[in-house]
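Novice: Sharing a structure below in structure tokens format, with a few things to ask.
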2 protein chains.
Amino acid sequence: MADLTPDLPPEHSLGFQVRRCHRAFDRVLSGHLAPSGLSSGFWYFLRALWQENGATQKRLAQLNNVTEPTAVAVLGAMERMGVIRRERNAVDRRKVNVFLTERADDLKAELMPVAHRINEIAGAGISAAEIETCLSVLQRMSDNLTREATRLSTEPAL
Amino acid sequence: MADLTPDLPPEHSLGFQVRRCHRAFDRVLSGHLAPSGLSSGFWYFLRALWQENGATQKRLAQLNNVTEPTAVAVLGAMERMGVIRRERNAVDRRKVNVFLTERADDLKAELMPVAHRINEIAGAGISAAEIETCLSVLQRMSDNLTREATRLSTEPAL
DNA sequence: TTGCAAAACTTAGATAGCGAAGTATTTTAG
DNA sequence: CTAAAATACTTCGCTATCTAAGTTTTGCAA
């Protein structure tokens, strides 16, 4: 009997390559952060806070494309490490504003060059035009998929 | 005092976009798999086994770019669900060969179209040439980063 | 042949991520 | 003004992932 389900060779699967690349990035990032005693999860929230210090947890979750429970967990760890401070909003007491501590400012000087370096390493031997195309494709795919995920959760059984 | 650490806007960061896209893929995949009672981790191992039924756990970990403990955990769950069967290799008793069960064959017919569909959704409105470029860039970045990760772990303090 | 190194797997403990459900606060509808 | 809905956060329990360290088996070398 012939096999009627065509294969999708991993190398030509967008999902496969994106996943592989993601983990490669994450491993290198973790490797560079470990000497400072930081885990890779911190990085994303630190970067968001360097741009929007005092943001609410919900806002930080959005900037990072993670859910709120994830934000709570990581920010909790960051607070215990003294990198951020959480403050209940006085006007709207549902909100919690997150502020960087002095410690985090030192980290910025230490970590920003690392981020640049990792992007350099990743893009070695790849033309600027190719990288631009890749970034653009990744962005459009994320948008396409986010739309689909929303559709899936709002139209459950279909 | 001027800020001497240049920002890396997330939209122009390869790491950021790859991570965002990865999670978008994973969410949609999970959403499509949930009705079948499967988690997204199963998919990657199933695909590998459809190509190399009977492979060892080490081999499956390599094909998936995950570590051996990860493979053990996911394959354990798959075995408990009756999707695979593990068999100690008679010649070299260190090895464990992994075989698909009948149940997994049914899943192939069910899941392969889903995988194709998700890649279609992701690539909607993007030209074939752009996608080819993106795949190629992702592959080269993964290789660059994997090399760096190896360097980091073999030359610890440098 | 014995003994040590390497290989394949496993266990243990940690971090991220998720969805579902719970709590407190604010907003809105009637 | 009050009840219901929406918002922001939290808690809980799960999966996936990692590193480090342990077990069993095999292979190589003195």
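Going through the structure tokens in order, the chains are called A, B, and so on, while each chain numbers its residues from 1 and the ligands are numbered from 1 in the order shown.
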Could you work out which residues of chain B fall inside 7 Å of chain D? Count only C-alpha atoms (C1' of nucleotides), and format the result as a count of residues only.

Specialist: 3

Novice: Dump as a list in words the residues of chain B that approach chain C to within 12 Å, counting only C-alpha atoms (C1' of nucleotides).

Specialist: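 The complete set of qualifying residues is Arg23, Asp26, Arg27, Ser30, Gly31, Ala34, Ser39, Ser40, Thr56, Gln57, Lys58, Arg59, Ala61, Thr67, Glu68, Pro69, Thr70, Ala71, Val72, Ala73, Gly76, Arg88, Asn89, Asp92, Arg93, Arg94, Lys95, Val96 and Asn97 of chain B.
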
Novice: With a cut-off of 7 Å, could you pull out the residues of chain B touching chain A and give me the nearest pair of atoms for each, distance in Å to one decimal, using only C-alpha atoms, ordered by chain and ascending number, as CSV?

Specialist:
```
residue,atom,partner,partner_atom,distance
B:Thr5,CA,A:Ala109,CA,6.1
B:Leu14,CA,A:Asn119,CA,6.5
B:Gly15,CA,A:Phe25,CA,6.3
B:Gln17,CA,A:Leu138,CA,6.3
B:Val18,CA,A:His22,CA,5.7
B:Arg19,CA,A:His22,CA,5.5
B:Arg20,CA,A:Asn65,CA,6.6
B:Cys21,CA,A:Ser142,CA,4.8
B:His22,CA,A:Arg19,CA,5.5
B:Ala24,CA,A:Leu145,CA,5.7
B:Phe25,CA,A:Gly15,CA,6.3
B:Arg27,CA,A:Ala149,CA,6.6
B:Val28,CA,A:Ala149,CA,5.3
B:Gly31,CA,A:Leu152,CA,6.8
B:Asn65,CA,A:Arg20,CA,6.7
B:Ala109,CA,A:Thr5,CA,6.1
B:Met112,CA,A:Thr5,CA,6.5
B:Asn119,CA,A:Leu14,CA,6.5
B:Ile121,CA,A:Asn144,CA,6.5
B:Ala122,CA,A:Met141,CA,4.7
B:Gly123,CA,A:Met141,CA,6.0
B:Glu130,CA,A:Thr133,CA,6.6
B:Thr133,CA,A:Glu130,CA,6.6
B:Cys134,CA,A:Cys134,CA,4.5
B:Leu135,CA,A:Leu14,CA,6.7
B:Val137,CA,A:Cys134,CA,6.7
B:Leu138,CA,A:Cys21,CA,6.2
B:Gln139,CA,A:Gln17,CA,6.6
B:Met141,CA,A:Ala122,CA,4.7
B:Ser142,CA,A:Cys21,CA,4.8
B:Asn144,CA,A:Ala122,CA,5.5
B:Leu145,CA,A:Ala122,CA,5.6
B:Thr146,CA,A:Ala24,CA,5.9
B:Glu148,CA,A:Val28,CA,6.9
B:Ala149,CA,A:Val28,CA,5.3
B:Leu152,CA,A:Gly31,CA,6.8
```

Novice: How many Å lie between atom CA of B:Leu33 and atom CA of A:Val74, rounded to one decimal?

Specialist: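 Atom CA of B:Leu33 sits 27.3 Å away from atom CA of A:Val74.
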
Novice: DSSP on the backbone, strand (DSSP E) only: what residues of stretch 5-120 of chain A does that give? Format it as a list in words.

Specialist: Ile84, Arg85, Arg86, Glu87, Arg88, Val96, Asn97, Val98, Phe99 and Leu100 of chain A

Novice: Quick one: distance from atom CA of B:Leu49 to atom CA of B:Ala77 in Å, one decimal?

Specialist: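 Value for the atom CA of B:Leu49-atom CA of B:Ala77 distance: 15.2 Å.
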
Novice: In chain A, what's alpha helix (DSSP H) per DSSP? Answer as an mmCIF file with N, CA and C atoms, in the first residue's frame?

Specialist:
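File result.cif, as written:
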```cif
data_model
loop_
_atom_site.group_PDB
_atom_site.id
_atom_site.type_symbol
_atom_site.label_atom_id
_atom_site.label_comp_id
_atom_site.auth_asym_id
_atom_site.auth_seq_id
_atom_site.Cartn_x
_atom_site.Cartn_y
_atom_site.Cartn_z
ATOM 1 N N LEU A 14 9.601 25.086 8.165
ATOM 2 C CA LEU A 14 9.839 26.351 8.867
ATOM 3 C C LEU A 14 9.801 26.141 10.369
ATOM 4 N N GLY A 15 8.812 25.383 10.834
ATOM 5 C CA GLY A 15 8.688 25.152 12.261
ATOM 6 C C GLY A 15 9.931 24.490 12.841
ATOM 7 N N PHE A 16 10.426 23.493 12.117
ATOM 8 C CA PHE A 16 11.612 22.782 12.591
ATOM 9 C C PHE A 16 12.821 23.716 12.675
ATOM 10 N N GLN A 17 13.062 24.473 11.630
ATOM 11 C CA GLN A 17 14.240 25.340 11.600
ATOM 12 C C GLN A 17 14.146 26.472 12.607
ATOM 13 N N VAL A 18 12.955 27.001 12.794
ATOM 14 C CA VAL A 18 12.791 28.077 13.773
ATOM 15 C C VAL A 18 13.063 27.541 15.175
ATOM 16 N N ARG A 19 12.541 26.343 15.441
ATOM 17 C CA ARG A 19 12.722 25.730 16.754
ATOM 18 C C ARG A 19 14.200 25.439 17.008
ATOM 19 N N ARG A 20 14.840 24.862 16.027
ATOM 20 C CA ARG A 20 16.258 24.532 16.173
ATOM 21 C C ARG A 20 17.066 25.794 16.442
ATOM 22 N N CYS A 21 16.785 26.838 15.693
ATOM 23 C CA CYS A 21 17.527 28.083 15.830
ATOM 24 C C CYS A 21 17.246 28.722 17.189
ATOM 25 N N HIS A 22 16.011 28.662 17.617
ATOM 26 C CA HIS A 22 15.660 29.220 18.922
ATOM 27 C C HIS A 22 16.491 28.590 20.021
ATOM 28 N N ARG A 23 16.560 27.263 19.981
ATOM 29 C CA ARG A 23 17.292 26.613 21.069
ATOM 30 C C ARG A 23 18.780 26.870 20.978
ATOM 31 N N ALA A 24 19.278 27.020 19.772
ATOM 32 C CA ALA A 24 20.697 27.349 19.617
ATOM 33 C C ALA A 24 20.974 28.721 20.242
ATOM 34 N N PHE A 25 20.107 29.683 19.954
ATOM 35 C CA PHE A 25 20.250 31.006 20.567
ATOM 36 C C PHE A 25 20.207 30.897 22.080
ATOM 37 N N ASP A 26 19.218 30.160 22.588
ATOM 38 C CA ASP A 26 19.006 30.088 24.025
ATOM 39 C C ASP A 26 20.197 29.443 24.740
ATOM 40 N N ARG A 27 20.767 28.439 24.100
ATOM 41 C CA ARG A 27 21.928 27.780 24.712
ATOM 42 C C ARG A 27 23.109 28.732 24.816
ATOM 43 N N VAL A 28 23.350 29.482 23.738
ATOM 44 C CA VAL A 28 24.484 30.414 23.758
ATOM 45 C C VAL A 28 24.222 31.539 24.762
ATOM 46 N N LEU A 29 23.001 32.047 24.773
ATOM 47 C CA LEU A 29 22.661 33.107 25.729
ATOM 48 C C LEU A 29 22.863 32.619 27.162
ATOM 49 N N SER A 30 22.329 31.428 27.462
ATOM 50 C CA SER A 30 22.501 30.861 28.804
ATOM 51 C C SER A 30 23.976 30.737 29.147
ATOM 52 N N GLY A 31 24.744 30.251 28.177
ATOM 53 C CA GLY A 31 26.172 30.066 28.398
ATOM 54 C C GLY A 31 26.885 31.359 28.747
ATOM 55 N N HIS A 32 26.481 32.445 28.090
ATOM 56 C CA HIS A 32 27.129 33.730 28.352
ATOM 57 C C HIS A 32 26.625 34.394 29.629
ATOM 58 N N LEU A 33 25.403 34.026 30.039
ATOM 59 C CA LEU A 33 24.820 34.644 31.231
ATOM 60 C C LEU A 33 25.228 33.916 32.517
ATOM 61 N N SER A 40 18.627 32.674 31.490
ATOM 62 C CA SER A 40 18.303 33.350 30.242
ATOM 63 C C SER A 40 16.958 34.066 30.298
ATOM 64 N N GLY A 41 16.065 33.602 31.152
ATOM 65 C CA GLY A 41 14.771 34.245 31.260
ATOM 66 C C GLY A 41 14.857 35.695 31.712
ATOM 67 N N PHE A 42 15.845 35.981 32.558
ATOM 68 C CA PHE A 42 16.007 37.349 33.055
ATOM 69 C C PHE A 42 16.213 38.331 31.912
ATOM 70 N N TRP A 43 16.999 37.928 30.949
ATOM 71 C CA TRP A 43 17.406 38.820 29.885
ATOM 72 C C TRP A 43 16.240 39.554 29.236
ATOM 73 N N TYR A 44 15.211 38.780 28.891
ATOM 74 C CA TYR A 44 14.115 39.351 28.129
ATOM 75 C C TYR A 44 13.375 40.420 28.929
ATOM 76 N N PHE A 45 13.204 40.159 30.224
ATOM 77 C CA PHE A 45 12.510 41.136 31.047
ATOM 78 C C PHE A 45 13.392 42.344 31.330
ATOM 79 N N LEU A 46 14.684 42.108 31.489
ATOM 80 C CA LEU A 46 15.581 43.242 31.699
ATOM 81 C C LEU A 46 15.529 44.185 30.499
ATOM 82 N N ARG A 47 15.612 43.593 29.312
ATOM 83 C CA ARG A 47 15.597 44.446 28.123
ATOM 84 C C ARG A 47 14.308 45.256 28.039
ATOM 85 N N ALA A 48 13.196 44.608 28.341
ATOM 86 C CA ALA A 48 11.928 45.321 28.299
ATOM 87 C C ALA A 48 11.929 46.475 29.312
ATOM 88 N N LEU A 49 12.501 46.221 30.483
ATOM 89 C CA LEU A 49 12.499 47.257 31.522
ATOM 90 C C LEU A 49 13.483 48.378 31.201
ATOM 91 N N TRP A 50 14.547 48.066 30.508
ATOM 92 C CA TRP A 50 15.471 49.135 30.113
ATOM 93 C C TRP A 50 14.755 50.115 29.183
ATOM 94 N N GLN A 51 13.766 49.599 28.472
ATOM 95 C CA GLN A 51 13.013 50.478 27.577
ATOM 96 C C GLN A 51 11.806 51.104 28.259
ATOM 97 N N GLN A 57 3.103 44.429 35.064
ATOM 98 C CA GLN A 57 3.457 43.057 34.727
ATOM 99 C C GLN A 57 2.776 42.610 33.441
ATOM 100 N N LYS A 58 1.560 43.048 33.268
ATOM 101 C CA LYS A 58 0.829 42.692 32.060
ATOM 102 C C LYS A 58 1.542 43.239 30.828
ATOM 103 N N ARG A 59 1.961 44.485 30.926
ATOM 104 C CA ARG A 59 2.672 45.123 29.816
ATOM 105 C C ARG A 59 3.975 44.371 29.515
ATOM 106 N N LEU A 60 4.689 43.989 30.549
ATOM 107 C CA LEU A 60 5.952 43.276 30.354
ATOM 108 C C LEU A 60 5.704 41.927 29.700
ATOM 109 N N ALA A 61 4.625 41.275 30.096
ATOM 110 C CA ALA A 61 4.291 39.990 29.477
ATOM 111 C C ALA A 61 4.046 40.193 27.981
ATOM 112 N N GLN A 62 3.308 41.237 27.631
ATOM 113 C CA GLN A 62 3.025 41.512 26.220
ATOM 114 C C GLN A 62 4.300 41.781 25.442
ATOM 115 N N LEU A 63 5.165 42.618 25.991
ATOM 116 C CA LEU A 63 6.407 42.956 25.292
ATOM 117 C C LEU A 63 7.239 41.713 25.020
ATOM 118 N N ASN A 64 7.114 40.727 25.909
ATOM 119 C CA ASN A 64 7.924 39.516 25.807
ATOM 120 C C ASN A 64 7.218 38.378 25.104
ATOM 121 N N GLU A 68 0.872 35.840 31.447
ATOM 122 C CA GLU A 68 1.084 36.489 32.738
ATOM 123 C C GLU A 68 1.665 35.565 33.791
ATOM 124 N N PRO A 69 1.219 34.321 33.878
ATOM 125 C CA PRO A 69 1.833 33.439 34.884
ATOM 126 C C PRO A 69 3.344 33.309 34.686
ATOM 127 N N THR A 70 3.782 33.277 33.434
ATOM 128 C CA THR A 70 5.221 33.206 33.174
ATOM 129 C C THR A 70 5.913 34.445 33.701
ATOM 130 N N ALA A 71 5.307 35.601 33.435
ATOM 131 C CA ALA A 71 5.887 36.851 33.909
ATOM 132 C C ALA A 71 5.979 36.852 35.430
ATOM 133 N N VAL A 72 4.925 36.419 36.084
ATOM 134 C CA VAL A 72 4.919 36.379 37.549
ATOM 135 C C VAL A 72 6.083 35.545 38.071
ATOM 136 N N ALA A 73 6.266 34.382 37.458
ATOM 137 C CA ALA A 73 7.316 33.476 37.938
ATOM 138 C C ALA A 73 8.705 34.081 37.762
ATOM 139 N N VAL A 74 8.980 34.587 36.572
ATOM 140 C CA VAL A 74 10.321 35.127 36.315
ATOM 141 C C VAL A 74 10.562 36.387 37.138
ATOM 142 N N LEU A 75 9.569 37.283 37.191
ATOM 143 C CA LEU A 75 9.739 38.520 37.956
ATOM 144 C C LEU A 75 9.911 38.214 39.440
ATOM 145 N N GLY A 76 9.240 37.175 39.915
ATOM 146 C CA GLY A 76 9.423 36.768 41.300
ATOM 147 C C GLY A 76 10.869 36.391 41.571
ATOM 148 N N ALA A 77 11.441 35.616 40.653
ATOM 149 C CA ALA A 77 12.840 35.217 40.815
ATOM 150 C C ALA A 77 13.754 36.438 40.741
ATOM 151 N N MET A 78 13.428 37.362 39.832
ATOM 152 C CA MET A 78 14.254 38.559 39.693
ATOM 153 C C MET A 78 14.179 39.425 40.948
ATOM 154 N N GLU A 79 13.009 39.484 41.552
ATOM 155 C CA GLU A 79 12.856 40.275 42.769
ATOM 156 C C GLU A 79 13.672 39.651 43.902
ATOM 157 N N ARG A 80 13.601 38.321 44.002
ATOM 158 C CA ARG A 80 14.363 37.641 45.059
ATOM 159 C C ARG A 80 15.861 37.860 44.891
ATOM 160 N N GLU A 102 19.420 49.440 41.261
ATOM 161 C CA GLU A 102 20.778 49.841 40.836
ATOM 162 C C GLU A 102 21.526 48.680 40.211
ATOM 163 N N ARG A 103 21.346 47.559 40.831
ATOM 164 C CA ARG A 103 21.989 46.338 40.359
ATOM 165 C C ARG A 103 21.726 46.122 38.868
ATOM 166 N N ALA A 104 20.494 46.429 38.432
ATOM 167 C CA ALA A 104 20.117 46.194 37.044
ATOM 168 C C ALA A 104 20.840 47.146 36.099
ATOM 169 N N ASP A 105 21.135 48.359 36.575
ATOM 170 C CA ASP A 105 21.837 49.313 35.732
ATOM 171 C C ASP A 105 23.240 48.798 35.412
ATOM 172 N N ASP A 106 23.875 48.234 36.437
ATOM 173 C CA ASP A 106 25.195 47.646 36.220
ATOM 174 C C ASP A 106 25.094 46.523 35.195
ATOM 175 N N LEU A 107 24.040 45.748 35.301
ATOM 176 C CA LEU A 107 23.871 44.618 34.391
ATOM 177 C C LEU A 107 23.736 45.090 32.947
ATOM 178 N N LYS A 108 23.099 46.248 32.754
ATOM 179 C CA LYS A 108 22.915 46.718 31.383
ATOM 180 C C LYS A 108 24.262 46.910 30.690
ATOM 181 N N ALA A 109 25.169 47.579 31.374
ATOM 182 C CA ALA A 109 26.489 47.811 30.799
ATOM 183 C C ALA A 109 27.200 46.489 30.532
ATOM 184 N N GLU A 110 26.901 45.523 31.366
ATOM 185 C CA GLU A 110 27.586 44.232 31.271
ATOM 186 C C GLU A 110 26.960 43.361 30.175
ATOM 187 N N LEU A 111 25.649 43.443 30.054
ATOM 188 C CA LEU A 111 24.940 42.484 29.207
ATOM 189 C C LEU A 111 24.698 42.956 27.772
ATOM 190 N N MET A 112 24.525 44.255 27.581
ATOM 191 C CA MET A 112 24.234 44.746 26.231
ATOM 192 C C MET A 112 25.294 44.313 25.220
ATOM 193 N N PRO A 113 26.567 44.461 25.561
ATOM 194 C CA PRO A 113 27.598 44.016 24.615
ATOM 195 C C PRO A 113 27.478 42.519 24.320
ATOM 196 N N VAL A 114 27.081 41.753 25.302
ATOM 197 C CA VAL A 114 26.918 40.314 25.092
ATOM 198 C C VAL A 114 25.835 40.056 24.046
ATOM 199 N N ALA A 115 24.727 40.794 24.163
ATOM 200 C CA ALA A 115 23.631 40.619 23.205
ATOM 201 C C ALA A 115 24.095 40.938 21.790
ATOM 202 N N HIS A 116 24.810 42.045 21.666
ATOM 203 C CA HIS A 116 25.318 42.402 20.339
ATOM 204 C C HIS A 116 26.242 41.320 19.811
ATOM 205 N N ARG A 117 27.096 40.830 20.685
ATOM 206 C CA ARG A 117 28.077 39.817 20.295
ATOM 207 C C ARG A 117 27.370 38.552 19.794
ATOM 208 N N ILE A 118 26.329 38.147 20.491
ATOM 209 C CA ILE A 118 25.625 36.929 20.104
ATOM 210 C C ILE A 118 24.962 37.106 18.744
ATOM 211 N N ASN A 119 24.401 38.275 18.508
ATOM 212 C CA ASN A 119 23.802 38.521 17.192
ATOM 213 C C ASN A 119 24.879 38.510 16.109
ATOM 214 N N GLU A 120 26.055 39.020 16.444
ATOM 215 C CA GLU A 120 27.162 38.988 15.482
ATOM 216 C C GLU A 120 27.558 37.553 15.152
ATOM 217 N N ILE A 121 27.699 36.772 16.221
ATOM 218 C CA ILE A 121 28.094 35.372 16.026
ATOM 219 C C ILE A 121 27.081 34.660 15.153
ATOM 220 N N ALA A 122 25.801 34.869 15.472
ATOM 221 C CA ALA A 122 24.740 34.192 14.727
ATOM 222 C C ALA A 122 24.782 34.570 13.257
ATOM 223 N N ALA A 128 23.828 41.298 4.946
ATOM 224 C CA ALA A 128 22.839 42.153 5.599
ATOM 225 C C ALA A 128 21.479 42.013 4.934
ATOM 226 N N ALA A 129 21.480 41.878 3.618
ATOM 227 C CA ALA A 129 20.212 41.764 2.897
ATOM 228 C C ALA A 129 19.491 40.478 3.286
ATOM 229 N N GLU A 130 20.248 39.386 3.395
ATOM 230 C CA GLU A 130 19.627 38.121 3.774
ATOM 231 C C GLU A 130 19.042 38.213 5.178
ATOM 232 N N ILE A 131 19.791 38.856 6.075
ATOM 233 C CA ILE A 131 19.310 38.976 7.446
ATOM 234 C C ILE A 131 18.044 39.823 7.503
ATOM 235 N N GLU A 132 18.020 40.894 6.731
ATOM 236 C CA GLU A 132 16.807 41.719 6.687
ATOM 237 C C GLU A 132 15.611 40.897 6.210
ATOM 238 N N THR A 133 15.831 40.132 5.155
ATOM 239 C CA THR A 133 14.749 39.283 4.642
ATOM 240 C C THR A 133 14.281 38.313 5.710
ATOM 241 N N CYS A 134 15.235 37.687 6.374
ATOM 242 C CA CYS A 134 14.902 36.709 7.409
ATOM 243 C C CYS A 134 14.094 37.362 8.521
ATOM 244 N N LEU A 135 14.545 38.517 8.997
ATOM 245 C CA LEU A 135 13.813 39.217 10.059
ATOM 246 C C LEU A 135 12.391 39.527 9.619
ATOM 247 N N SER A 136 12.279 39.981 8.397
ATOM 248 C CA SER A 136 10.954 40.344 7.883
ATOM 249 C C SER A 136 10.051 39.124 7.777
ATOM 250 N N VAL A 137 10.605 38.015 7.288
ATOM 251 C CA VAL A 137 9.807 36.788 7.165
ATOM 252 C C VAL A 137 9.393 36.291 8.554
ATOM 253 N N LEU A 138 10.330 36.316 9.503
ATOM 254 C CA LEU A 138 10.011 35.858 10.856
ATOM 255 C C LEU A 138 8.875 36.686 11.444
ATOM 256 N N GLN A 139 8.939 37.983 11.221
ATOM 257 C CA GLN A 139 7.915 38.858 11.782
ATOM 258 C C GLN A 139 6.543 38.551 11.171
ATOM 259 N N ARG A 140 6.520 38.373 9.861
ATOM 260 C CA ARG A 140 5.242 38.094 9.218
ATOM 261 C C ARG A 140 4.706 36.714 9.629
ATOM 262 N N MET A 141 5.603 35.738 9.759
ATOM 263 C CA MET A 141 5.145 34.414 10.203
ATOM 264 C C MET A 141 4.576 34.501 11.615
ATOM 265 N N SER A 142 5.275 35.220 12.512
ATOM 266 C CA SER A 142 4.763 35.364 13.877
ATOM 267 C C SER A 142 3.372 35.966 13.852
ATOM 268 N N ASP A 143 3.184 36.987 13.019
ATOM 269 C CA ASP A 143 1.874 37.627 12.937
ATOM 270 C C ASP A 143 0.827 36.647 12.415
ATOM 271 N N ASN A 144 1.173 35.934 11.351
ATOM 272 C CA ASN A 144 0.239 34.947 10.792
ATOM 273 C C ASN A 144 -0.170 33.925 11.853
ATOM 274 N N LEU A 145 0.817 33.430 12.573
ATOM 275 C CA LEU A 145 0.559 32.366 13.539
ATOM 276 C C LEU A 145 -0.195 32.887 14.754
ATOM 277 N N THR A 146 0.121 34.093 15.173
ATOM 278 C CA THR A 146 -0.578 34.677 16.314
ATOM 279 C C THR A 146 -2.054 34.846 15.977
ATOM 280 N N ARG A 147 -2.306 35.257 14.757
ATOM 281 C CA ARG A 147 -3.699 35.389 14.307
ATOM 282 C C ARG A 147 -4.386 34.027 14.381
ATOM 283 N N GLU A 148 -3.710 32.993 13.899
ATOM 284 C CA GLU A 148 -4.277 31.641 13.924
ATOM 285 C C GLU A 148 -4.501 31.165 15.355
ATOM 286 N N ALA A 149 -3.566 31.447 16.241
ATOM 287 C CA ALA A 149 -3.713 31.024 17.636
ATOM 288 C C ALA A 149 -4.929 31.696 18.259
ATOM 289 N N THR A 150 -5.104 32.955 17.943
ATOM 290 C CA THR A 150 -6.267 33.670 18.449
ATOM 291 C C THR A 150 -7.547 33.046 17.914
ATOM 292 N N ARG A 151 -7.539 32.767 16.613
ATOM 293 C CA ARG A 151 -8.706 32.132 16.004
ATOM 294 C C ARG A 151 -9.023 30.811 16.713
ATOM 295 N N LEU A 152 -7.962 30.009 16.962
ATOM 296 C CA LEU A 152 -8.155 28.707 17.601
ATOM 297 C C LEU A 152 -8.788 28.846 18.983
ATOM 298 N N SER A 153 -8.364 29.845 19.738
ATOM 299 C CA SER A 153 -8.856 29.940 21.116
ATOM 300 C C SER A 153 -10.217 30.623 21.194
ATOM 301 N N THR A 154 -10.560 31.405 20.188
ATOM 302 C CA THR A 154 -11.859 32.061 20.256
ATOM 303 C C THR A 154 -12.954 31.273 19.536
#
```

Novice: Could you please determine the separation between atom CA of B:Arg86 and atom CA of B:Gly37 in Å, to one decimal place?

Specialist: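 Computing the Euclidean distance for atom CA of B:Arg86 and atom CA of B:Gly37 yields 21.1 Å.
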